[in-house]
file entry28.cif (mmCIF, C-alpha atoms)
data_final
loop_
_atom_site.label_atom_id
_atom_site.label_comp_id
_atom_site.auth_asym_id
_atom_site.auth_seq_id
_atom_site.Cartn_x
_atom_site.Cartn_y
_atom_site.Cartn_z
CA MET A 20 2.30 6.06 43.95
CA SER A 21 1.10 3.48 46.46
CA PRO A 22 3.18 0.36 47.26
CA SER A 23 0.65 -1.77 45.36
CA ASP A 24 0.95 0.26 42.14
CA PRO A 25 3.20 -1.26 39.46
CA ALA A 26 6.50 0.52 38.85
CA PRO A 27 6.38 2.73 35.74
CA ARG A 28 8.00 1.24 32.68
CA PRO A 29 11.16 2.93 31.39
CA THR A 30 10.85 4.95 28.20
CA ALA A 31 12.07 3.35 24.99
CA LEU A 32 11.54 6.38 22.73
CA SER A 33 11.04 10.00 23.68
CA PHE A 34 10.08 12.54 21.00
CA ARG A 35 10.00 16.24 21.82
CA ASP A 36 8.81 18.43 18.93
CA VAL A 37 10.80 16.30 16.48
CA SER A 38 10.68 16.95 12.74
CA ALA A 39 12.13 14.87 9.91
CA VAL A 40 13.77 16.47 6.90
CA ARG A 41 15.20 14.51 3.97
CA GLY A 42 16.83 16.09 0.94
CA GLY A 43 15.74 19.51 2.12
CA ARG A 44 12.09 18.45 2.20
CA LEU A 45 10.01 18.33 5.39
CA ILE A 46 8.64 14.78 5.75
CA TRP A 47 6.78 15.19 9.05
CA SER A 48 6.89 17.42 12.12
CA GLN A 49 5.67 18.10 15.67
CA ALA A 50 6.24 14.61 17.06
CA THR A 51 5.87 14.82 20.84
CA PHE A 52 5.19 11.60 22.75
CA ASP A 53 6.84 8.81 24.77
CA VAL A 54 6.83 5.12 23.89
CA PRO A 55 7.17 2.92 27.01
CA ALA A 56 9.66 0.06 26.89
CA GLY A 57 8.43 -3.51 26.70
CA GLY A 58 5.58 -3.23 24.21
CA ILE A 59 4.86 -4.35 20.66
CA VAL A 60 4.30 -1.17 18.67
CA ALA A 61 3.14 -0.82 15.06
CA ILE A 62 4.32 2.08 12.91
CA ILE A 63 1.60 2.78 10.36
CA GLY A 64 0.67 5.36 7.77
CA ALA A 65 -0.07 5.81 4.10
CA ASN A 66 2.65 5.18 1.53
CA GLY A 67 5.13 8.04 1.56
CA SER A 68 4.09 9.30 4.99
CA GLY A 69 7.56 8.79 6.47
CA LYS A 70 7.48 5.45 8.30
CA THR A 71 10.94 4.34 7.17
CA THR A 72 12.23 7.87 7.78
CA LEU A 73 11.10 7.53 11.40
CA LEU A 74 13.12 4.31 11.69
CA HIS A 75 16.17 6.06 10.27
CA LEU A 76 15.88 8.76 12.93
CA VAL A 77 15.63 6.15 15.71
CA LEU A 78 18.69 4.34 14.34
CA GLY A 79 20.66 7.58 14.05
CA LEU A 80 20.99 7.20 10.28
CA LEU A 81 19.25 10.56 9.75
CA PRO A 82 19.47 13.50 12.15
CA ALA A 83 16.29 15.13 13.37
CA GLY A 84 15.47 18.31 11.51
CA SER A 85 14.51 19.88 14.83
CA GLY A 86 13.58 18.87 18.37
CA GLU A 87 15.02 16.10 20.52
CA LEU A 88 14.74 12.32 20.14
CA ARG A 89 16.04 9.95 22.81
CA VAL A 90 16.34 6.17 22.53
CA PHE A 91 16.46 4.53 25.97
CA ASP A 92 17.58 7.98 27.18
CA ARG A 93 20.49 8.08 24.73
CA ALA A 94 21.05 9.99 21.51
CA PRO A 95 20.01 8.00 18.41
CA GLY A 96 22.90 5.92 17.09
CA GLU A 97 24.83 6.14 20.37
CA ASP A 98 24.08 2.52 21.29
CA ASN A 99 22.87 0.70 18.18
CA ASN A 100 24.23 -2.53 19.67
CA GLY A 101 21.10 -2.31 21.82
CA ILE A 102 18.87 -2.34 18.74
CA GLY A 103 18.32 -5.29 16.43
CA PHE A 104 17.14 -4.17 12.98
CA VAL A 105 15.48 -6.31 10.30
CA PRO A 106 15.37 -4.39 6.98
CA GLN A 107 12.55 -4.96 4.53
CA HIS A 108 14.76 -6.60 1.87
CA TYR A 109 16.94 -8.59 4.24
CA ALA A 110 18.60 -10.96 1.77
CA ASP A 111 19.76 -8.02 -0.36
CA THR A 112 21.79 -6.66 2.56
CA VAL A 113 23.72 -9.87 3.37
CA GLY A 114 23.84 -11.69 0.03
CA GLU A 115 21.93 -14.70 -1.27
CA ALA A 116 24.93 -17.04 -1.18
CA ILE A 117 25.71 -16.78 2.54
CA ARG A 118 24.67 -19.61 4.86
CA ALA A 119 22.03 -18.91 7.48
CA THR A 120 24.40 -19.60 10.39
CA ASP A 121 27.01 -17.20 8.99
CA ALA A 122 24.38 -14.53 8.36
CA VAL A 123 23.42 -14.68 12.04
CA LEU A 124 27.09 -14.54 13.03
CA LEU A 125 27.28 -11.19 11.22
CA GLY A 126 25.01 -9.88 13.97
CA LEU A 127 27.91 -10.45 16.37
CA SER A 128 30.97 -9.78 14.23
CA GLY A 129 29.57 -7.12 11.90
CA ASN A 130 32.13 -8.02 9.22
CA SER A 131 32.09 -10.98 6.84
CA TRP A 132 35.92 -11.24 6.88
CA ARG A 133 35.79 -12.15 10.55
CA LEU A 134 33.48 -15.15 10.09
CA ALA A 135 36.32 -17.65 10.08
CA ARG A 136 37.70 -16.18 13.32
CA ALA A 137 34.52 -16.60 15.34
CA THR A 138 35.07 -17.88 18.86
CA SER A 139 33.37 -20.96 20.26
CA ALA A 140 31.27 -18.69 22.49
CA GLN A 141 30.07 -16.76 19.44
CA ARG A 142 29.26 -19.96 17.58
CA ASN A 143 27.32 -21.22 20.59
CA ARG A 144 25.38 -17.97 20.80
CA VAL A 145 24.48 -18.26 17.11
CA ARG A 146 23.23 -21.82 17.61
CA GLU A 147 21.14 -20.75 20.61
CA THR A 148 19.58 -17.88 18.70
CA LEU A 149 18.77 -20.01 15.65
CA ALA A 150 17.12 -22.50 17.99
CA ALA A 151 15.11 -19.69 19.61
CA VAL A 152 13.58 -18.76 16.23
CA GLU A 153 13.15 -22.44 15.27
CA ALA A 154 15.67 -22.24 12.44
CA THR A 155 18.11 -24.98 13.47
CA GLY A 156 16.91 -27.30 10.70
CA PHE A 157 18.14 -25.00 7.93
CA ALA A 158 21.10 -23.34 9.68
CA ALA A 159 23.58 -24.77 7.15
CA SER A 160 21.50 -23.77 4.10
CA ARG A 161 22.25 -20.76 1.92
CA LEU A 162 19.71 -17.94 1.97
CA SER A 163 19.03 -18.52 -1.72
CA ALA A 164 17.63 -21.96 -0.86
CA LEU A 165 15.25 -20.74 1.85
CA SER A 166 11.60 -19.76 1.68
CA GLY A 167 10.49 -16.25 2.56
CA GLY A 168 9.35 -17.32 6.02
CA GLN A 169 12.64 -19.13 6.68
CA ARG A 170 14.66 -16.09 5.60
CA GLN A 171 12.63 -13.94 7.96
CA ARG A 172 13.48 -16.24 10.85
CA VAL A 173 17.17 -15.94 9.99
CA ALA A 174 16.82 -12.15 9.78
CA ILE A 175 15.20 -12.04 13.21
CA ALA A 176 17.91 -14.31 14.62
CA GLU A 177 20.63 -11.99 13.27
CA ALA A 178 18.88 -9.03 14.88
CA LEU A 179 18.51 -10.81 18.23
CA VAL A 180 21.89 -12.53 18.53
CA SER A 181 23.52 -9.58 20.34
CA HIS A 182 20.81 -9.40 23.07
CA PRO A 183 19.25 -6.06 22.03
CA GLN A 184 16.78 -4.08 24.11
CA MET A 185 14.74 -3.24 21.03
CA LEU A 186 13.85 -5.17 17.87
CA ILE A 187 12.83 -3.11 14.83
CA LEU A 188 11.29 -4.80 11.79
CA ASP A 189 10.51 -3.02 8.51
CA GLU A 190 7.53 -4.72 6.80
CA PRO A 191 8.41 -8.21 8.12
CA LEU A 192 5.26 -9.80 6.63
CA ALA A 193 5.61 -8.36 3.11
CA SER A 194 5.68 -11.03 0.38
CA LEU A 195 4.92 -13.84 2.83
CA ASP A 196 1.98 -16.20 2.35
CA LEU A 197 -0.76 -16.29 4.98
CA ARG A 198 0.65 -19.31 6.80
CA SER A 199 4.13 -17.77 6.99
CA GLN A 200 2.66 -14.46 8.18
CA ARG A 201 0.88 -16.19 11.03
CA GLU A 202 4.00 -18.15 11.98
CA ILE A 203 6.13 -14.98 12.11
CA VAL A 204 3.49 -13.16 14.19
CA LEU A 205 3.37 -16.06 16.67
CA LEU A 206 7.18 -16.09 16.77
CA LEU A 207 7.31 -12.37 17.58
CA ALA A 208 4.72 -12.84 20.33
CA ARG A 209 6.76 -15.65 21.89
CA LEU A 210 10.07 -13.78 21.65
CA HIS A 211 8.46 -10.73 23.23
CA ARG A 212 7.08 -12.83 26.06
CA GLU A 213 10.32 -14.72 26.69
CA LEU A 214 12.87 -11.93 26.15
CA GLY A 215 10.91 -8.85 27.20
CA VAL A 216 12.31 -6.98 24.21
CA THR A 217 10.57 -3.84 22.90
CA ILE A 218 9.36 -4.50 19.34
CA LEU A 219 8.65 -1.86 16.68
CA VAL A 220 7.01 -3.12 13.49
CA VAL A 221 6.50 -1.05 10.36
CA ALA A 222 3.43 -2.47 8.63
CA HIS A 223 1.12 -1.41 5.84
CA ASP A 224 -1.45 -4.07 6.73
CA ILE A 225 -1.74 -4.47 10.50
CA ASN A 226 -4.48 -7.12 10.41
CA PRO A 227 -2.12 -10.09 10.98
CA LEU A 228 -0.42 -8.21 13.82
CA LEU A 229 -3.49 -6.95 15.66
CA PRO A 230 -3.66 -9.86 18.15
CA ILE A 231 -0.20 -9.01 19.53
CA LEU A 232 -0.03 -5.20 19.27
CA ASP A 233 -0.49 -3.02 22.33
CA SER A 234 0.04 0.40 20.72
CA ALA A 235 0.92 2.23 17.51
CA ILE A 236 2.80 5.21 16.16
CA TYR A 237 0.67 6.53 13.31
CA LEU A 238 1.58 9.24 10.79
CA LEU A 239 -1.42 11.44 10.06
CA ASP A 240 -1.54 14.77 8.20
CA GLY A 241 2.24 15.13 8.37
CA HIS A 242 2.52 14.49 12.12
CA PRO A 243 3.41 11.31 14.07
CA HIS A 244 1.16 10.37 16.99
CA TYR A 245 1.26 7.58 19.57
CA ALA A 246 -1.73 5.82 21.18
CA PRO A 247 -2.88 2.45 22.55
CA ILE A 248 -3.95 0.13 19.76
CA GLY A 249 -7.59 0.22 20.91
CA GLU A 250 -7.69 3.94 20.15
CA VAL A 251 -6.00 3.55 16.78
CA VAL A 252 -8.23 0.77 15.46
CA ASP A 253 -11.09 3.15 14.75
CA ASP A 254 -13.13 3.51 11.56
CA ALA A 255 -12.79 7.29 11.27
CA LEU A 256 -9.11 7.46 12.17
CA LEU A 257 -8.09 4.64 9.82
CA THR A 258 -10.21 6.04 6.99
CA HIS A 259 -8.45 9.39 7.40
CA LEU A 260 -5.06 7.70 7.76
CA TYR A 261 -5.25 5.63 4.59
CA GLY A 262 -7.45 7.95 2.53
CA THR A 263 -9.96 5.22 1.75
CA PRO A 264 -13.07 3.97 3.61
CA ILE A 265 -12.04 1.50 6.33
CA GLU A 266 -14.35 -0.44 8.63
CA VAL A 267 -13.25 -2.17 11.82
CA ALA A 268 -15.07 -5.47 12.27
CA HIS A 269 -14.86 -8.58 14.44
CA THR A 270 -14.34 -12.20 13.49
CA PRO A 271 -16.73 -14.83 14.91
CA GLN A 272 -14.02 -15.44 17.52
CA GLY A 273 -14.16 -11.77 18.56
CA GLU A 274 -10.83 -10.70 17.04
CA LEU A 275 -10.56 -7.26 15.43
CA TYR A 276 -9.71 -6.77 11.79
CA MET A 277 -9.77 -3.93 9.27
CA ARG A 278 -11.47 -4.10 5.90
CA SER A 279 -11.76 -1.70 3.02
CA LEU A 280 -15.29 -0.77 1.98
CA LEU A 281 -14.30 -0.28 -1.68
#
call {"tool": "encode", "arguments": {"input": "entry28.cif", "output": "structure tokens"}}
result
Amino acid sequence: MSPSDPAPRPTALSFRDVSAVRGGRLIWSQATFDVPAGGIVAIIGANGSGKTTLLHLVLGLLPAGSGELRVFDRAPGEDNNGIGFVPQHYADTVGEAIRATDAVLLGLSGNSWRLARATSAQRNRVRETLAAVEATGFAASRLSALSGGQRQRVAIAEALVSHPQMLILDEPLASLDLRSQREIVLLLARLHRELGVTILVVAHDINPLLPILDSAIYLLDGHPHYAPIGEVVDDALLTHLYGTPIEVAHTPQGELYMRSLL
């Protein structure tokens, strides 16, 4: 490597002949690839292909059926403080009645019974993180009073409050209206730019995310693969992936988008 060449990025995820087994059933197999740190990566595939299962392996919630998976060169689950996770049904995991600021504090304390014992430094960190996701205006509101887009901002704040290396989001745009989808996508782009965090996004519809994605893990024919997004956004590959005719087109502004031909 010459002095002018950029230094190689560290590896966020390393799969070596990894298989996933759940309930005695093989979900997918033969995953062998590296995901560099610092990107925004989609995880895509047909329903039931094993996208959430892949997340569970990365988080150490499910052991690999075979092979070796490393997360920032550690065993999965060894350092989950370095991963911020936003589940698909976020409010169900923390409760509708909790205030936004206390929900974010859970990202530091991990236990609701410790909320009253939070230090001033923890409270300050929560305020900073809510400000970073532009949620200060509803920090004192209960989750039950928030819109879907507002709840998603709180969920992202809770995931980011402990300064993780990686942010994982499971279907973050599901059930959001188009305006809220765009706002969350722009927020992720800004957080990525400002924090340098690696972002993994499980998505069924990647159209709203295409402007910010640089690569994708895609589950095809029972095997995960990894490639730059330009190689994944391909008529034939996406048609095979989703089992329905897909065409890749361009908007008048030159942006890519997928559309079904049915």
call {"tool": "atom_distance", "arguments": {"input": "entry28.cif", "atom1": "CA of Gly167 in chain A", "atom2": "CA of Ser199 in chain A"}}
result
7.9 Å
call {"tool": "resolve_selection", "arguments": {"input": "entry28.cif", "expression": "the PyMOL selection byres ((chain A and resi 227-232) around 8)", "output": "NGL selection string"}}
result
:A and (58-61 or 200-201 or 204 or 208 or 224-226 or 233-235 or 248 or 274-276)
call {"tool": "resolve_selection", "arguments": {"input": "entry28.cif", "expression": "the PyMOL selection byres ((chain A and resi 30) around 7)", "output": "ChimeraX atom specification"}}
result
/A:28-29,31-33,53-56,91
call {"tool": "resolve_selection", "arguments": {"input": "entry28.cif", "expression": "the PyMOL selection byres ((chain A and resi 260) around 7)", "output": "list of chain:residue names"}}
result
A:Gly64, A:Ala65, A:Leu239, A:Leu256, A:Leu257, A:Thr258, A:His259, A:Tyr261, A:Gly262
call {"tool": "atom_distance", "arguments": {"input": "entry28.cif", "atom1": "CA of Gly86 in chain A", "atom2": "CA of Trp47 in chain A"}}
result
12.1 Å
call {"tool": "atom_distance", "arguments": {"input": "entry28.cif", "atom1": "CA of Ala178 in chain A", "atom2": "CA of Pro95 in chain A"}}
result
17.4 Å
call {"tool": "closest_residue", "arguments": {"input": "entry28.cif", "among": "A:Leu88, A:Val145, A:Leu210, A:Val152", "to": "Asp36 in chain A", "atoms": "all atoms listed in the file"}}
result
A:Leu88
call {"tool": "residues_near_point", "arguments": {"input": "entry28.cif", "point": "(8.1, -13.8, 9.1)", "cutoff": "12 Å", "atoms": "all atoms listed in the file", "output": "JSON, numbers by chain"}}
result
{"A": [105, 107, 109, 152, 153, 154, 166, 167, 168, 169, 170, 171, 172, 173, 174, 175, 176, 188, 189, 190, 191, 192, 193, 194, 195, 196, 197, 198, 199, 200, 201, 202, 203, 204, 205, 206, 207, 208, 220, 227, 228]}
call {"tool": "closest_residue", "arguments": {"input": "entry28.cif", "among": "A:Gly84, A:Met185, A:Ser68, A:Gly57", "to": "Arg41 in chain A", "atoms": "all atoms listed in the file"}}
result
A:Gly84
call {"tool": "axis_aligned_box", "arguments": {"input": "entry28.cif", "around": "range 270-277 of chain A", "padding_each_side": "4 Å", "output": "JSON"}}
result
{"center_x": -13.2, "center_y": -9.7, "center_z": 13.9, "size_x": 15.0, "size_y": 19.5, "size_z": 17.3}
call {"tool": "residues_around", "arguments": {"input": "entry28.cif", "residues": "Arg35 in chain A", "least_positions_apart": "3", "cutoff": "10 Å", "atoms": "all atoms listed in the file", "output": "PDB file with C-alpha atoms, in the coordinates of the input"}}
result
ATOM      1  CA  SER A  38      10.680  16.950  12.740  1.00  0.00           C
ATOM      2  CA  GLN A  49       5.670  18.100  15.670  1.00  0.00           C
ATOM      3  CA  ALA A  50       6.240  14.610  17.060  1.00  0.00           C
ATOM      4  CA  THR A  51       5.870  14.820  20.840  1.00  0.00           C
ATOM      5  CA  PHE A  52       5.190  11.600  22.750  1.00  0.00           C
ATOM      6  CA  ASP A  53       6.840   8.810  24.770  1.00  0.00           C
ATOM      7  CA  SER A  85      14.510  19.880  14.830  1.00  0.00           C
ATOM      8  CA  GLY A  86      13.580  18.870  18.370  1.00  0.00           C
ATOM      9  CA  GLU A  87      15.020  16.100  20.520  1.00  0.00           C
ATOM     10  CA  LEU A  88      14.740  12.320  20.140  1.00  0.00           C
ATOM     11  CA  ARG A  89      16.040   9.950  22.810  1.00  0.00           C
TER      12      ARG A  89
END
call {"tool": "residues_near_point", "arguments": {"input": "entry28.cif", "point": "(17.4, 1.8, 17.0)", "cutoff": "6 Å", "atoms": "only C-alpha atoms", "output": "ChimeraX atom specification"}}
result
/A:77-78,99,102
